[in-house]
Amino acid sequence: MDLDAELADALAPLLGGADVSVAVLDTESGAGAAYGNEAYGTASIVKVDILAALLLSAQDEERKLNGAELAYAEAMIRRSDNTSATELLKVIGGEEGLDAANERLGLTTTTAAHAWGLTRTTAADQVRLLEAVFGADSELTPASRAYLAELMEQVETGQGWGVSAAGTDRALKNGWMPRTTTGLWDVNSIGRVTSGGHTLLMAVLSRGHATKEAGIAVVESVAKAAAGVMGAVAASG
């Protein structure tokens with residue numbers, strides 16, 4: 001079965017004029033599918049990446065996060081606090097530090113930006129990041145992975161939209177921003193969900209929406225379709 005083709009067929013009636021890319025991985029079977037390979041602006045999904053880089057740095061230094069770092073990390077992931085992201089990007093050495101961490105994490109198509117929300121990434125790279133957080137084969141220690149996953153499970157209720165529409169037991173981070181040049185919105189969602197008894201890692205990146213709400217609706221419909229494709233694969237054995 002050509003899963004990429006199946007996913008493309010499932011998305012065709014949903015997208016309209018939306019510019020979307022999605023990647024999904026079934027962690028149990030190893031089956032995956034992707035639609036689109038272009039780079040998108042991250043908006044706030046990069047905050048998972050920033051925290052992963054901070055945890056790598058702390059591991060290298062054989063230390064735990066200090067009080068300020070813990071406070072920034074919680075605010076950055078749970079509330080999507082922008083000031084906290086800016087402060088932690090400084091701690092890891094700016095965009096150069098983030099790029100260096102991403103090389104270790106296996107992200108090959110992500111380019112960090114000083115204005116962190118303008119970092120460029122692909123859906124496939126975001127699934128690689130999710131594998132580093134939720135998988136066992138990772139540069140991150142079990143303790144680091146558990147900490148990051150716990151924060152992603154505890155995002156504020158109003159920020160629980162996105163890939164969570166595709167299943168239950170969600171751990172996620174969303175990103176949204178209007179572009180100053182066009183006034184149109186980038187809306188992204190990455191995370192882990194359980195669907196049909198399988199654990200899925202999923203990244204949905206999108207841009208060009210008239211409103212944030214319109215973007216959320218597209219992202220959620222795409223997430224559901226991707227989970228449906230993976231469910232059909234699982235059911236077929």
# chains A, B, ... in the order shown; residues from 1 in each chain; ligands from 1
>>> residues_around(residues="range 41-57 of chain A", least_positions_apart="5", cutoff="6 Å", atoms="only C-alpha atoms", output="list in words")
Ile92, Ala101, Gly117, Leu118, Thr119, Arg120, Lys173, Asn174, Gly175 and Trp176 of chain A
>>> write_last_selection(atoms="N, CA and C atoms", output="CSV table (one decimal), in the first residue's frame")
chain,number,residue,atom,x,y,z
A,92,ILE,N,20.5,28.5,25.3
A,92,ILE,CA,21.1,27.4,24.5
A,92,ILE,C,22.1,27.9,23.4
A,101,ALA,N,21.8,21.5,18.2
A,101,ALA,CA,21.0,20.5,18.9
A,101,ALA,C,20.2,19.7,17.8
A,117,GLY,N,10.1,32.2,16.1
A,117,GLY,CA,8.9,31.8,15.5
A,117,GLY,C,9.0,31.7,14.0
A,118,LEU,N,10.1,32.3,13.4
A,118,LEU,CA,10.3,32.3,12.0
A,118,LEU,C,11.3,31.1,11.6
A,119,THR,N,11.6,30.3,12.6
A,119,THR,CA,12.4,29.1,12.3
A,119,THR,C,11.6,28.3,11.2
A,120,ARG,N,12.4,27.7,10.3
A,120,ARG,CA,11.7,27.0,9.2
A,120,ARG,C,11.9,25.5,9.4
A,173,LYS,N,1.9,20.4,21.1
A,173,LYS,CA,2.3,21.8,21.2
A,173,LYS,C,1.8,22.4,19.9
A,174,ASN,N,1.1,23.5,20.0
A,174,ASN,CA,0.6,24.2,18.8
A,174,ASN,C,1.3,25.6,18.6
A,175,GLY,N,1.2,26.0,17.3
A,175,GLY,CA,1.8,27.3,17.0
A,175,GLY,C,0.9,28.1,16.1
A,176,TRP,N,0.8,29.4,16.2
A,176,TRP,CA,-0.1,30.2,15.4
A,176,TRP,C,0.5,31.6,15.3
>>> select_by_dssp(residues="range 87-231 of chain A", states="strand (DSSP E)", output="number ranges by chain")
A: 120-121, 168-178, 185-195, 198-207
>>> atom_distance(atom1="CA of Ser206 in chain A", atom2="CA of Val20 in chain A")
4.3 Å
>>> atom_distance(atom1="CA of Glu95 in chain A", atom2="CA of Ala112 in chain A")
5.1 Å
>>> residues_around(residues="Gly208 in chain A", least_positions_apart="3", cutoff="10 Å", atoms="only C-alpha atoms", output="list in words")
Gly17, Ala18, Asp19, Val20, Pro178, Arg179, Thr182, Gly183, Leu184, Trp185, Asp186, Val187, Thr211, Lys212, Ala214 and Gly215 of chain A
>>> write_last_selection(atoms="N, CA and C atoms", output="compact mmCIF listing (two decimals), in the first residue's frame")
# COMPACT_ATOMS: atom_id res chain seq x y z
N GLY A 17 -8.16 25.60 -0.88
CA GLY A 17 -6.98 26.37 -1.24
C GLY A 17 -5.92 26.42 -0.16
N ALA A 18 -6.10 25.62 0.89
CA ALA A 18 -5.16 25.67 2.01
C ALA A 18 -3.80 25.09 1.63
N ASP A 19 -2.76 25.66 2.19
CA ASP A 19 -1.39 25.20 1.98
C ASP A 19 -0.98 24.41 3.22
N VAL A 20 -0.90 23.10 3.09
CA VAL A 20 -0.75 22.21 4.24
C VAL A 20 0.27 21.12 3.96
N PRO A 178 0.00 35.48 12.79
CA PRO A 178 -0.32 36.18 11.54
C PRO A 178 0.97 36.70 10.92
N ARG A 179 1.09 36.61 9.62
CA ARG A 179 2.27 37.11 8.93
C ARG A 179 2.08 38.59 8.61
N THR A 182 1.29 39.65 4.87
CA THR A 182 0.03 39.29 4.23
C THR A 182 -1.19 39.42 5.13
N GLY A 183 -0.96 39.39 6.45
CA GLY A 183 -2.08 39.35 7.39
C GLY A 183 -2.71 37.98 7.51
N LEU A 184 -2.19 36.99 6.76
CA LEU A 184 -2.72 35.64 6.82
C LEU A 184 -2.00 34.83 7.89
N TRP A 185 -2.65 33.78 8.35
CA TRP A 185 -2.17 33.04 9.51
C TRP A 185 -1.44 31.75 9.16
N ASP A 186 -0.34 31.51 9.90
CA ASP A 186 0.30 30.19 9.97
C ASP A 186 -0.32 29.48 11.18
N VAL A 187 -0.75 28.25 11.01
CA VAL A 187 -1.31 27.47 12.12
C VAL A 187 -0.74 26.06 12.06
N THR A 211 -8.06 33.47 9.04
CA THR A 211 -8.16 33.64 10.48
C THR A 211 -7.49 32.46 11.18
N LYS A 212 -7.16 32.64 12.45
CA LYS A 212 -6.62 31.54 13.25
C LYS A 212 -7.63 30.40 13.32
N ALA A 214 -9.96 29.54 11.23
CA ALA A 214 -10.02 28.79 9.97
C ALA A 214 -8.85 27.83 9.86
N GLY A 215 -7.68 28.27 10.30
CA GLY A 215 -6.51 27.41 10.29
C GLY A 215 -6.66 26.22 11.20
>>> closest_atom_pairs(of="range 177-233 of chain A", to="range 147-169 of chain A", cutoff="9 Å", atoms="only C-alpha atoms", output="CSV")
residue,atom,partner,partner_atom,distance
A:Asn188,CA,A:Gly162,CA,7.6
A:Ser189,CA,A:Gly162,CA,5.3
A:Ile190,CA,A:Val163,CA,6.4
A:Gly191,CA,A:Val163,CA,6.5
A:Arg192,CA,A:Val163,CA,7.7
A:Val193,CA,A:Gly167,CA,5.3
A:Thr194,CA,A:Thr168,CA,5.1
A:Ser195,CA,A:Gly167,CA,4.7
A:Gly196,CA,A:Gly167,CA,8.0
A:Leu200,CA,A:Gly167,CA,8.8
A:Met202,CA,A:Val163,CA,6.9
A:Ala203,CA,A:Val163,CA,7.5
A:Val204,CA,A:Val163,CA,7.4
A:Ile216,CA,A:Gly162,CA,6.4
A:Ala217,CA,A:Gly162,CA,8.3
A:Val219,CA,A:Gly162,CA,6.0
A:Glu220,CA,A:Gly162,CA,5.1
A:Ser221,CA,A:Ala165,CA,7.8
A:Val222,CA,A:Val163,CA,8.5
A:Ala223,CA,A:Val163,CA,5.4
A:Lys224,CA,A:Ala166,CA,4.4
A:Ala225,CA,A:Ala166,CA,7.9
A:Ala226,CA,A:Ala166,CA,8.0
A:Ala227,CA,A:Ala166,CA,5.9
A:Gly228,CA,A:Ala166,CA,8.2
>>> write_last_selection(atoms="N, CA and C atoms", output="mmCIF file, in the first residue's frame")
data_model
loop_
_atom_site.group_PDB
_atom_site.id
_atom_site.type_symbol
_atom_site.label_atom_id
_atom_site.label_comp_id
_atom_site.auth_asym_id
_atom_site.auth_seq_id
_atom_site.Cartn_x
_atom_site.Cartn_y
_atom_site.Cartn_z
ATOM 1 N N ASN A 188 -0.065 25.637 13.139
ATOM 2 C CA ASN A 188 0.640 24.357 13.175
ATOM 3 C C ASN A 188 0.290 23.582 14.440
ATOM 4 N N SER A 189 0.417 22.266 14.375
ATOM 5 C CA SER A 189 0.203 21.431 15.546
ATOM 6 C C SER A 189 1.070 20.183 15.442
ATOM 7 N N ILE A 190 1.759 19.853 16.530
ATOM 8 C CA ILE A 190 2.571 18.634 16.581
ATOM 9 C C ILE A 190 2.266 17.891 17.870
ATOM 10 N N GLY A 191 2.368 16.563 17.832
ATOM 11 C CA GLY A 191 2.181 15.836 19.073
ATOM 12 C C GLY A 191 1.936 14.360 18.907
ATOM 13 N N ARG A 192 1.575 13.749 20.019
ATOM 14 C CA ARG A 192 1.292 12.319 20.120
ATOM 15 C C ARG A 192 -0.167 12.130 20.484
ATOM 16 N N VAL A 193 -0.813 11.176 19.804
ATOM 17 C CA VAL A 193 -2.181 10.811 20.145
ATOM 18 C C VAL A 193 -2.324 9.301 20.072
ATOM 19 N N THR A 194 -3.360 8.796 20.713
ATOM 20 C CA THR A 194 -3.720 7.389 20.590
ATOM 21 C C THR A 194 -4.965 7.299 19.723
ATOM 22 N N SER A 195 -4.889 6.487 18.682
ATOM 23 C CA SER A 195 -6.010 6.334 17.759
ATOM 24 C C SER A 195 -6.130 4.875 17.355
ATOM 25 N N GLY A 196 -7.300 4.296 17.570
ATOM 26 C CA GLY A 196 -7.496 2.893 17.222
ATOM 27 C C GLY A 196 -6.566 1.960 17.963
ATOM 28 N N LEU A 200 0.227 7.376 17.662
ATOM 29 C CA LEU A 200 0.642 8.103 16.460
ATOM 30 C C LEU A 200 1.406 9.353 16.834
ATOM 31 N N MET A 202 2.422 12.910 15.106
ATOM 32 C CA MET A 202 1.862 13.632 13.976
ATOM 33 C C MET A 202 2.266 15.094 13.988
ATOM 34 N N ALA A 203 2.543 15.615 12.810
ATOM 35 C CA ALA A 203 2.835 17.036 12.640
ATOM 36 C C ALA A 203 2.008 17.562 11.480
ATOM 37 N N VAL A 204 1.253 18.626 11.722
ATOM 38 C CA VAL A 204 0.480 19.286 10.676
ATOM 39 C C VAL A 204 0.933 20.748 10.622
ATOM 40 N N ILE A 216 -7.207 26.440 12.395
ATOM 41 C CA ILE A 216 -7.422 25.335 13.331
ATOM 42 C C ILE A 216 -8.351 24.295 12.723
ATOM 43 N N ALA A 217 -9.417 24.750 12.069
ATOM 44 C CA ALA A 217 -10.368 23.822 11.462
ATOM 45 C C ALA A 217 -9.687 22.947 10.406
ATOM 46 N N VAL A 219 -6.369 22.271 10.190
ATOM 47 C CA VAL A 219 -5.397 21.416 10.861
ATOM 48 C C VAL A 219 -6.084 20.200 11.486
ATOM 49 N N GLU A 220 -7.206 20.426 12.135
ATOM 50 C CA GLU A 220 -7.891 19.311 12.786
ATOM 51 C C GLU A 220 -8.482 18.333 11.780
ATOM 52 N N SER A 221 -9.018 18.840 10.681
ATOM 53 C CA SER A 221 -9.561 17.928 9.665
ATOM 54 C C SER A 221 -8.450 17.105 9.027
ATOM 55 N N VAL A 222 -7.292 17.727 8.814
ATOM 56 C CA VAL A 222 -6.143 17.007 8.252
ATOM 57 C C VAL A 222 -5.642 15.947 9.231
ATOM 58 N N ALA A 223 -5.579 16.288 10.519
ATOM 59 C CA ALA A 223 -5.133 15.325 11.532
ATOM 60 C C ALA A 223 -6.058 14.116 11.578
ATOM 61 N N LYS A 224 -7.355 14.348 11.533
ATOM 62 C CA LYS A 224 -8.309 13.242 11.547
ATOM 63 C C LYS A 224 -8.138 12.350 10.319
ATOM 64 N N ALA A 225 -7.947 12.984 9.170
ATOM 65 C CA ALA A 225 -7.771 12.200 7.938
ATOM 66 C C ALA A 225 -6.508 11.357 7.994
ATOM 67 N N ALA A 226 -5.429 11.924 8.516
ATOM 68 C CA ALA A 226 -4.173 11.181 8.621
ATOM 69 C C ALA A 226 -4.322 9.990 9.556
ATOM 70 N N ALA A 227 -5.007 10.205 10.680
ATOM 71 C CA ALA A 227 -5.241 9.095 11.606
ATOM 72 C C ALA A 227 -6.122 8.030 10.952
ATOM 73 N N GLY A 228 -7.071 8.463 10.133
ATOM 74 C CA GLY A 228 -7.928 7.509 9.439
ATOM 75 C C GLY A 228 -7.154 6.632 8.480
#
>>> select_by_dssp(residues="range 34-228 of chain A", states="helix (DSSP H, G or I)", output="count of residues only")
103
>>> closest_residue(among="A:Ala85, A:Ile77, A:Leu107, A:Leu25", to="Ala171 in chain A", atoms="only C-alpha atoms")
A:Ile77
>>> atom_distance(atom1="CA of Trp116 in chain A", atom2="CA of Leu89 in chain A")
7.9 Å
